[in-house]
$ cat start.csv   # CSV, C-alpha atoms
chain,number,residue,atom,x,y,z
A,1,MET,CA,-61.2,103.8,256.3
A,2,LYS,CA,-62.6,104.9,259.7
A,3,GLU,CA,-60.4,107.2,261.6
A,4,LYS,CA,-62.4,109.7,263.7
A,5,ALA,CA,-61.9,110.7,267.3
A,6,GLY,CA,-64.8,111.0,269.7
A,7,ASN,CA,-63.4,114.3,270.9
A,8,ASN,CA,-60.2,116.4,270.4
A,9,GLN,CA,-58.3,114.4,273.0
A,10,GLN,CA,-59.0,110.9,271.7
A,11,PRO,CA,-56.8,109.3,269.1
A,12,ARG,CA,-58.4,108.5,265.8
A,13,VAL,CA,-59.1,104.8,265.2
A,14,GLY,CA,-60.1,102.5,262.3
A,15,GLY,CA,-60.4,98.8,261.7
A,16,GLN,CA,-61.2,95.9,259.5
A,17,ALA,CA,-62.8,92.4,259.9
A,18,ILE,CA,-60.4,89.5,259.3
A,19,ILE,CA,-60.9,85.7,259.5
A,20,GLU,CA,-62.5,85.0,262.9
A,21,GLY,CA,-61.4,88.3,264.2
A,22,VAL,CA,-60.8,92.0,263.9
A,23,MET,CA,-57.9,94.3,263.1
A,24,MET,CA,-57.9,97.8,264.8
A,25,ARG,CA,-55.5,100.6,264.4
A,26,SER,CA,-54.7,103.8,266.2
A,27,PRO,CA,-52.2,106.5,265.0
A,28,GLU,CA,-49.3,104.6,266.6
A,29,ARG,CA,-50.3,101.0,266.8
A,30,VAL,CA,-52.1,98.2,265.0
A,31,SER,CA,-53.6,95.2,266.8
A,32,ALA,CA,-55.2,92.1,265.3
A,33,ALA,CA,-57.2,89.6,267.4
A,34,VAL,CA,-58.8,86.3,266.5
A,35,ARG,CA,-61.0,83.7,268.3
A,36,LEU,CA,-59.4,80.3,268.4
A,37,PRO,CA,-61.5,77.1,268.2
A,38,ASP,CA,-60.9,76.5,272.0
A,39,GLY,CA,-62.4,79.9,272.7
A,40,ASN,CA,-59.1,81.6,273.6
A,41,ILE,CA,-57.9,84.8,271.9
A,42,GLU,CA,-54.8,84.9,269.7
A,43,HIS,CA,-53.5,88.4,269.1
A,44,ARG,CA,-50.6,90.6,267.8
A,45,THR,CA,-49.9,94.2,268.4
A,46,TRP,CA,-47.2,96.1,266.6
A,47,ILE,CA,-45.9,99.7,266.3
A,48,SER,CA,-47.1,101.3,263.0
A,49,LYS,CA,-47.4,105.0,262.6
A,50,THR,CA,-50.1,106.1,260.2
A,51,TRP,CA,-48.5,106.8,256.8
A,52,SER,CA,-50.3,110.1,256.4
A,53,LYS,CA,-48.7,111.3,259.6
A,54,ARG,CA,-45.1,110.5,258.7
A,55,ASN,CA,-44.4,113.7,256.9
A,56,LYS,CA,-46.2,116.9,255.8
A,57,ILE,CA,-46.6,115.9,252.2
A,58,THR,CA,-48.5,112.6,252.9
A,59,GLY,CA,-50.8,114.5,255.3
A,60,LEU,CA,-52.0,117.1,252.7
A,61,PRO,CA,-55.7,116.9,251.7
A,62,VAL,CA,-56.4,114.6,248.7
A,63,ILE,CA,-52.8,113.1,248.9
A,64,ARG,CA,-53.7,111.7,252.3
A,65,GLY,CA,-56.7,109.9,250.8
A,66,ALA,CA,-54.6,108.1,248.2
A,67,VAL,CA,-52.0,107.3,250.9
A,68,SER,CA,-54.6,106.0,253.4
A,69,LEU,CA,-56.1,103.8,250.7
A,70,ALA,CA,-52.7,102.2,249.9
A,71,GLU,CA,-52.1,101.7,253.6
A,72,ALA,CA,-55.5,100.1,254.2
A,73,LEU,CA,-54.8,97.7,251.3
A,74,VAL,CA,-51.4,96.7,252.7
A,75,LEU,CA,-52.6,96.3,256.3
A,76,GLY,CA,-55.7,94.6,255.2
A,77,ILE,CA,-54.0,91.9,253.2
A,78,ARG,CA,-51.2,91.4,255.8
A,79,THR,CA,-53.7,90.9,258.7
A,80,LEU,CA,-55.9,88.7,256.6
A,81,ASN,CA,-52.9,86.5,255.8
A,82,TRP,CA,-52.0,86.4,259.5
A,83,SER,CA,-55.5,85.4,260.5
A,84,ALA,CA,-55.6,82.8,257.7
A,85,ASP,CA,-52.3,81.4,259.0
A,86,ILE,CA,-53.7,81.1,262.5
A,87,ALA,CA,-56.7,79.3,261.3
A,88,MET,CA,-54.6,76.8,259.2
A,89,GLU,CA,-52.2,76.2,262.0
A,90,HIS,CA,-55.1,75.1,264.3
A,91,GLU,CA,-56.8,73.1,261.6
A,92,LYS,CA,-53.5,71.1,261.1
A,93,GLY,CA,-52.8,70.9,264.8
A,94,LYS,CA,-49.3,72.4,264.4
A,95,SER,CA,-47.5,75.7,264.0
A,96,GLU,CA,-45.4,76.4,261.0
A,97,LYS,CA,-42.8,79.1,261.0
A,98,LYS,CA,-43.1,81.2,257.9
A,99,ASN,CA,-40.2,82.7,256.0
A,100,GLY,CA,-40.4,86.5,256.3
A,101,LYS,CA,-38.8,87.1,252.9
A,102,ARG,CA,-41.2,84.7,251.3
A,103,SER,CA,-44.1,86.3,253.1
A,104,SER,CA,-43.1,89.8,251.8
A,105,ILE,CA,-42.9,88.5,248.2
A,106,GLY,CA,-46.3,86.8,248.6
A,107,LEU,CA,-47.8,90.1,249.9
A,108,SER,CA,-46.4,92.0,246.9
A,109,LEU,CA,-47.7,89.4,244.4
A,110,THR,CA,-51.1,89.4,246.2
A,111,LEU,CA,-51.3,93.2,245.9
A,112,VAL,CA,-50.4,93.2,242.2
A,113,VAL,CA,-52.9,90.4,241.3
A,114,ALA,CA,-55.6,92.2,243.4
A,115,PHE,CA,-54.9,95.5,241.6
A,116,ILE,CA,-55.0,93.9,238.1
A,117,LEU,CA,-58.3,92.0,238.9
A,118,ALA,CA,-59.9,95.2,240.2
A,119,ILE,CA,-58.8,97.2,237.1
A,120,VAL,CA,-60.2,94.5,234.8
A,121,LEU,CA,-63.4,93.9,236.7
A,122,PHE,CA,-64.3,97.5,237.6
A,123,MET,CA,-62.7,99.5,234.8
A,124,PHE,CA,-62.1,97.5,231.7
A,125,VAL,CA,-65.3,95.5,231.7
A,126,PRO,CA,-67.6,98.5,232.3
A,127,TYR,CA,-65.8,100.5,229.6
A,128,GLN,CA,-66.1,97.6,227.2
A,129,LEU,CA,-69.9,97.3,228.0
A,130,ALA,CA,-70.3,101.1,227.3
A,131,SER,CA,-68.4,100.7,224.1
A,132,LEU,CA,-70.5,97.9,222.9
A,133,LEU,CA,-73.6,100.1,223.4
A,134,LYS,CA,-72.0,102.7,220.9
A,135,THR,CA,-71.7,105.5,223.5
A,136,GLU,CA,-68.0,106.4,222.9
A,137,GLU,CA,-68.8,109.7,221.2
A,138,ASN,CA,-71.0,110.9,224.0
A,139,GLN,CA,-68.7,111.2,227.0
A,140,PRO,CA,-71.4,111.8,229.7
A,141,LEU,CA,-73.5,108.9,228.4
A,142,PHE,CA,-70.4,106.6,228.1
A,143,HIS,CA,-69.5,107.2,231.8
A,144,LEU,CA,-73.0,107.0,233.0
A,145,VAL,CA,-73.3,103.5,231.3
A,146,ALA,CA,-69.8,102.5,232.5
A,147,GLY,CA,-70.4,103.9,236.1
A,148,SER,CA,-73.8,102.2,236.4
A,149,SER,CA,-72.3,98.9,235.2
A,150,ARG,CA,-69.4,99.3,237.7
A,151,ILE,CA,-71.9,99.7,240.6
A,152,LEU,CA,-74.0,96.8,239.4
A,153,ILE,CA,-71.0,94.5,239.1
A,154,PHE,CA,-69.9,95.5,242.6
A,155,LEU,CA,-73.4,94.8,244.1
A,156,ALA,CA,-73.5,91.5,242.3
A,157,TYR,CA,-70.1,90.6,243.6
A,158,VAL,CA,-70.9,91.5,247.2
A,159,TRP,CA,-74.3,89.7,247.0
A,160,LEU,CA,-72.6,86.5,245.7
A,161,ILE,CA,-69.8,86.4,248.3
A,162,SER,CA,-72.4,87.2,251.1
A,163,ARG,CA,-74.0,83.8,250.4
A,164,MET,CA,-70.8,82.0,251.5
A,165,LYS,CA,-70.8,80.8,255.1
A,166,ASP,CA,-67.2,81.8,255.8
A,167,ILE,CA,-67.8,85.3,254.4
A,168,GLN,CA,-70.9,85.6,256.5
A,169,ARG,CA,-68.7,85.1,259.6
A,170,VAL,CA,-66.4,87.8,258.4
A,171,PHE,CA,-69.3,90.2,257.9
A,172,GLU,CA,-70.4,89.5,261.5
A,173,TYR,CA,-67.0,90.6,262.7
A,174,HIS,CA,-67.3,93.6,260.4
A,175,GLY,CA,-70.5,94.5,262.3
A,176,SER,CA,-68.7,94.1,265.6
A,177,GLU,CA,-65.8,96.3,264.4
A,178,HIS,CA,-68.3,99.1,263.7
A,179,GLN,CA,-70.1,98.7,267.0
A,180,ALA,CA,-66.8,98.8,269.0
A,181,ILE,CA,-65.7,102.0,267.2
A,182,TYR,CA,-69.1,103.6,267.8
A,183,THR,CA,-68.8,102.8,271.5
A,184,TYR,CA,-65.3,104.3,271.6
A,185,GLU,CA,-66.4,107.5,269.7
A,186,LYS,CA,-69.3,108.1,272.1
A,187,GLY,CA,-67.0,107.8,275.1
A,188,LEU,CA,-68.7,104.8,276.6
A,189,GLU,CA,-67.0,102.0,278.5
A,190,LEU,CA,-65.6,99.5,276.0
A,191,ASN,CA,-67.6,96.3,276.8
A,192,PRO,CA,-69.8,94.0,274.7
A,193,GLU,CA,-72.9,95.2,276.4
A,194,ASN,CA,-72.4,98.9,275.4
A,195,ALA,CA,-71.2,97.8,271.9
A,196,GLY,CA,-74.3,95.7,271.4
A,197,LEU,CA,-76.5,98.9,271.7
A,198,GLN,CA,-74.7,100.6,268.8
A,199,SER,CA,-75.5,100.4,265.1
A,200,ARG,CA,-73.5,98.0,262.8
A,201,LEU,CA,-73.7,100.6,260.0
A,202,HIS,CA,-70.9,103.3,260.1
A,203,PRO,CA,-70.7,106.3,257.7
A,204,ARG,CA,-66.9,106.0,257.3
A,205,CYS,CA,-67.0,102.3,256.4
A,206,GLY,CA,-64.9,101.1,253.5
A,207,THR,CA,-68.0,99.9,251.8
A,208,SER,CA,-69.4,103.5,251.7
A,209,PHE,CA,-66.0,104.6,250.5
A,210,LEU,CA,-66.1,102.3,247.6
A,211,LEU,CA,-69.5,103.6,246.6
A,212,ILE,CA,-68.2,107.1,246.7
A,213,VAL,CA,-65.2,106.1,244.6
A,214,ALA,CA,-67.5,104.6,242.0
A,215,LEU,CA,-69.6,107.8,241.8
A,216,SER,CA,-66.5,110.0,241.8
A,217,THR,CA,-64.9,108.0,239.1
A,218,MET,CA,-67.9,108.5,236.9
A,219,LEU,CA,-68.2,112.3,237.5
A,220,LEU,CA,-64.5,113.1,237.3
A,221,PHE,CA,-63.9,111.2,234.1
A,222,ILE,CA,-66.9,112.7,232.4
A,223,ILE,CA,-65.2,116.1,232.8
A,224,PHE,CA,-61.8,114.8,232.0
A,225,ASP,CA,-62.8,113.0,228.8
A,226,ILE,CA,-64.8,116.0,227.5
A,227,ILE,CA,-61.6,118.0,227.8
A,228,VAL,CA,-59.4,115.3,226.3
A,229,VAL,CA,-61.7,114.7,223.3
A,230,ALA,CA,-62.0,118.4,222.7
A,231,LEU,CA,-58.3,118.8,222.6
A,232,TRP,CA,-57.0,115.6,221.0
A,233,GLY,CA,-60.0,113.8,219.5
A,234,SER,CA,-61.8,110.6,220.3
A,235,TYR,CA,-60.0,107.7,222.0
A,236,PRO,CA,-59.1,105.0,219.4
A,237,ASN,CA,-60.3,102.2,221.6
A,238,VAL,CA,-61.2,101.2,225.2
A,239,LEU,CA,-57.7,100.1,226.1
A,240,VAL,CA,-56.2,103.5,225.3
A,241,ARG,CA,-58.9,105.2,227.3
A,242,LEU,CA,-58.2,102.9,230.3
A,243,LEU,CA,-54.4,103.5,230.1
A,244,VAL,CA,-54.9,107.3,230.0
A,245,HIS,CA,-57.2,107.1,233.1
A,246,LEU,CA,-55.0,104.8,235.2
A,247,PRO,CA,-52.6,107.5,236.4
A,248,PHE,CA,-55.5,109.6,237.7
A,249,LEU,CA,-56.9,106.9,240.0
A,250,PRO,CA,-55.0,108.1,243.0
A,251,LEU,CA,-56.6,111.5,242.5
A,252,VAL,CA,-60.0,109.8,242.5
A,253,ALA,CA,-59.2,108.0,245.7
A,254,GLY,CA,-58.0,111.2,247.3
A,255,LEU,CA,-61.0,113.2,246.4
A,256,SER,CA,-63.3,110.4,247.5
A,257,TYR,CA,-61.6,110.2,250.9
A,258,GLU,CA,-62.1,113.9,251.4
A,259,LEU,CA,-65.8,113.5,250.5
A,260,LEU,CA,-66.1,110.7,253.0
A,261,ARG,CA,-64.6,112.8,255.8
A,262,LEU,CA,-66.8,115.7,254.8
A,263,SER,CA,-70.0,113.6,254.8
A,264,ASP,CA,-69.1,112.3,258.3
A,265,ARG,CA,-68.3,115.7,259.7
A,266,TYR,CA,-71.6,117.1,258.6
A,267,SER,CA,-73.6,113.9,258.8
A,268,THR,CA,-76.3,115.6,260.9
A,269,THR,CA,-77.2,118.1,258.2
A,270,PRO,CA,-80.2,116.9,256.1
A,271,LEU,CA,-78.5,117.2,252.7
A,272,LEU,CA,-75.3,115.4,253.6
A,273,ARG,CA,-77.2,112.9,255.7
A,274,SER,CA,-79.2,112.0,252.6
A,275,LEU,CA,-75.9,111.5,250.7
A,276,ILE,CA,-74.6,108.8,253.1
A,277,VAL,CA,-77.8,106.8,253.2
A,278,PRO,CA,-76.9,104.7,250.0
A,279,GLY,CA,-73.6,103.8,251.7
A,280,LEU,CA,-75.3,102.8,254.9
A,281,ALA,CA,-77.9,100.8,252.9
A,282,LEU,CA,-75.1,98.9,251.1
A,283,GLN,CA,-73.5,98.0,254.5
A,284,ARG,CA,-76.5,95.9,255.2
A,285,LEU,CA,-74.9,93.5,252.7
A,286,THR,CA,-71.4,93.7,254.1
A,287,THR,CA,-72.2,93.5,257.8
A,288,ARG,CA,-74.3,91.1,259.8
A,289,PRO,CA,-75.4,91.3,263.5
A,290,PRO,CA,-72.6,90.0,265.7
A,291,ASP,CA,-72.8,88.2,269.0
A,292,ASP,CA,-71.1,89.2,272.3
A,293,SER,CA,-68.1,86.9,271.7
A,294,GLN,CA,-67.4,88.7,268.4
A,295,ARG,CA,-67.9,92.1,270.0
A,296,GLU,CA,-65.4,91.0,272.7
A,297,ILE,CA,-62.8,90.4,270.0
A,298,ALA,CA,-63.3,93.8,268.4
A,299,ILE,CA,-63.0,95.5,271.8
A,300,PHE,CA,-59.9,93.5,272.7
A,301,ALA,CA,-58.2,94.6,269.4
A,302,LEU,CA,-59.3,98.2,269.9
A,303,LYS,CA,-58.0,98.4,273.5
A,304,SER,CA,-54.7,96.9,272.4
A,305,ALA,CA,-54.3,99.3,269.5
A,306,LEU,CA,-55.0,102.2,271.9
A,307,ASN,CA,-52.9,101.1,274.9
A,308,GLY,CA,-50.4,98.6,273.5
A,309,ASP,CA,-49.6,95.4,275.5
A,310,ALA,CA,-46.8,93.1,276.5
A,311,CYS,CA,-46.6,91.6,273.0
A,312,LEU,CA,-45.7,94.8,271.3
A,313,GLU,CA,-43.8,94.0,268.1
A,314,PRO,CA,-42.0,96.0,265.4
A,315,GLU,CA,-44.0,96.8,262.3
A,316,GLU,CA,-42.1,94.5,260.0
A,317,HIS,CA,-43.2,91.4,262.1
A,318,ILE,CA,-46.8,91.8,261.0
A,319,ASP,CA,-46.5,89.1,258.3
A,320,GLN,CA,-45.0,86.5,260.6
A,321,SER,CA,-47.0,84.3,263.0
$ encode --input "start.csv" --output "structure tokens"
Amino acid sequence: MKEKAGNNQQPRVGGQAIIEGVMMRSPERVSAAVRLPDGNIEHRTWISKTWSKRNKITGLPVIRGAVSLAEALVLGIRTLNWSADIAMEHEKGKSEKKNGKRSSIGLSLTLVVAFILAIVLFMFVPYQLASLLKTEENQPLFHLVAGSSRILIFLAYVWLISRMKDIQRVFEYHGSEHQAIYTYEKGLELNPENAGLQSRLHPRCGTSFLLIVALSTMLLFIIFDIIVVALWGSYPNVLVRLLVHLPFLPLVAGLSYELLRLSDRYSTTPLLRSLIVPGLALQRLTTRPPDDSQREIAIFALKSALNGDACLEPEEHIDQS
């Protein structure tokens, strides 16, 4: 979710850890770089204008948050698939040309499955738990129970996957991504030495964003359900409540995005600084200290996203190796 400029002249940048590498994006380009088993770097850079900058509507406050989240999901899955393909090719000792149409279908299916799993795990299950505790008639209590359950499920999920060796490597690259962005934002020379002096915890990290989403969901739907119940009566069951809430999730994402930007802009003030502390603490689970070779990958991807390179490709080629 990170997209801040170090000053008014610098383009805004963001990024994500992928398998044995990092994806970085600027307003005009996206670059992904991975470390191969032989130590060399495999990378792709392609033209990709930020969705929220493509027209005035998608750049409006709140709307841009929902648009940015959708874009982050699509880019994240595409670049993760690309890095996974690179890893598999080198494990097999051969390169396999993928069918672009099949890749697009696979991306769509992955997005649909990921969305359904997220709704079940982070919406339906917490609602069901709150319902089992007989809190449905008290809307603030219902959402406090559901919201607390949602956060606990998320923490348990992150802790469990953090025990996996492969995920630990991804979390190290996550830390290198943050350090490279910090180096850029401070106007320092982009090299592993300068990056190594930076924090691996960043206030605009997607981890912090998810925590804000969880809290925003709880607060927004407390107000929403008080109004709904007052006008139309209680929800007949958990499923109906969930179906009524689903269309408003983009609004939650948009408001959460604006809160994230606000907290970063005024992060030096004591009040807002205290509000970002939980997100930074959570990042201690989703990031790990990287080494110089991992910081080199993050810096390579960032430089390519900012400056382009000889391998510049059109956006639709992202899902092809």
$ closest_residue --input "start.csv" --among "A:Ser31, A:Thr269, A:Ser293, A:Ser52" --to "Arg78 of chain A" --atoms "all atoms listed in the file"
A:Ser31
$ residues_around --input "start.csv" --residues "Leu219 of chain A" --least-positions-apart "3" --cutoff "12 Å" --atoms "only C-alpha atoms" --output "PDB file with C-alpha atoms, keeping the file's coordinate frame"
ATOM      1  CA  GLN A 139     -68.700 111.200 227.000  1.00  0.00           C
ATOM      2  CA  PRO A 140     -71.400 111.800 229.700  1.00  0.00           C
ATOM      3  CA  LEU A 141     -73.500 108.900 228.400  1.00  0.00           C
ATOM      4  CA  PHE A 142     -70.400 106.600 228.100  1.00  0.00           C
ATOM      5  CA  HIS A 143     -69.500 107.200 231.800  1.00  0.00           C
ATOM      6  CA  LEU A 144     -73.000 107.000 233.000  1.00  0.00           C
ATOM      7  CA  VAL A 145     -73.300 103.500 231.300  1.00  0.00           C
ATOM      8  CA  ALA A 146     -69.800 102.500 232.500  1.00  0.00           C
ATOM      9  CA  GLY A 147     -70.400 103.900 236.100  1.00  0.00           C
ATOM     10  CA  SER A 148     -73.800 102.200 236.400  1.00  0.00           C
ATOM     11  CA  ILE A 212     -68.200 107.100 246.700  1.00  0.00           C
ATOM     12  CA  VAL A 213     -65.200 106.100 244.600  1.00  0.00           C
ATOM     13  CA  ALA A 214     -67.500 104.600 242.000  1.00  0.00           C
ATOM     14  CA  LEU A 215     -69.600 107.800 241.800  1.00  0.00           C
ATOM     15  CA  SER A 216     -66.500 110.000 241.800  1.00  0.00           C
ATOM     16  CA  ILE A 222     -66.900 112.700 232.400  1.00  0.00           C
ATOM     17  CA  ILE A 223     -65.200 116.100 232.800  1.00  0.00           C
ATOM     18  CA  PHE A 224     -61.800 114.800 232.000  1.00  0.00           C
ATOM     19  CA  ASP A 225     -62.800 113.000 228.800  1.00  0.00           C
ATOM     20  CA  ILE A 226     -64.800 116.000 227.500  1.00  0.00           C
ATOM     21  CA  VAL A 252     -60.000 109.800 242.500  1.00  0.00           C
ATOM     22  CA  LEU A 255     -61.000 113.200 246.400  1.00  0.00           C
ATOM     23  CA  SER A 256     -63.300 110.400 247.500  1.00  0.00           C
TER      24      SER A 256
END
$ closest_residue --input "start.csv" --among "A:Asn191, A:Gln168, A:Ser234, A:Gln198" --to "Asn138 of chain A" --atoms "only C-alpha atoms"
A:Ser234
$ closest_residue --input "start.csv" --among "A:Val244, A:Leu262, A:Met24, A:Leu201" --to "Gly279 of chain A" --atoms "only C-alpha atoms"
A:Leu201
$ atom_distance --input "start.csv" --atom1 "atom CA of Gln179 of chain A" --atom2 "atom CA of Ala66 of chain A"
26.1 Å
$ closest_residue --input "start.csv" --among "A:Ala298, A:Met218, A:Val112, A:Leu133" --to "Arg35 of chain A" --atoms "all atoms listed in the file"
A:Ala298
$ closest_residue --input "start.csv" --among "A:Val30, A:Ile119, A:Leu80, A:Leu75" --to "Leu243 of chain A" --atoms "only C-alpha atoms"
A:Ile119
$ atom_distance --input "start.csv" --atom1 "atom CA of Pro192 of chain A" --atom2 "atom CA of Glu172 of chain A"
14.0 Å
$ residues_around --input "start.csv" --residues "Gln128 of chain A" --least-positions-apart "2" --cutoff "12 Å" --atoms "only C-alpha atoms" --output "list of chain:residue names"
A:Val120, A:Leu121, A:Phe122, A:Met123, A:Phe124, A:Val125, A:Pro126, A:Ala130, A:Ser131, A:Leu132, A:Leu133, A:Lys134, A:Thr135, A:Glu136, A:Phe142, A:His143, A:Val145, A:Ala146, A:Gly147, A:Ser149, A:Arg150, A:Asn237, A:Val238, A:Leu239, A:Val240, A:Arg241, A:Leu242
$ atom_distance --input "start.csv" --atom1 "atom CA of Glu28 of chain A" --atom2 "atom CA of Val62 of chain A"
21.7 Å
$ closest_residue --input "start.csv" --among "A:Ala253, A:Gly14, A:Thr286, A:Ala180" --to "Leu155 of chain A" --atoms "all atoms listed in the file"
A:Thr286
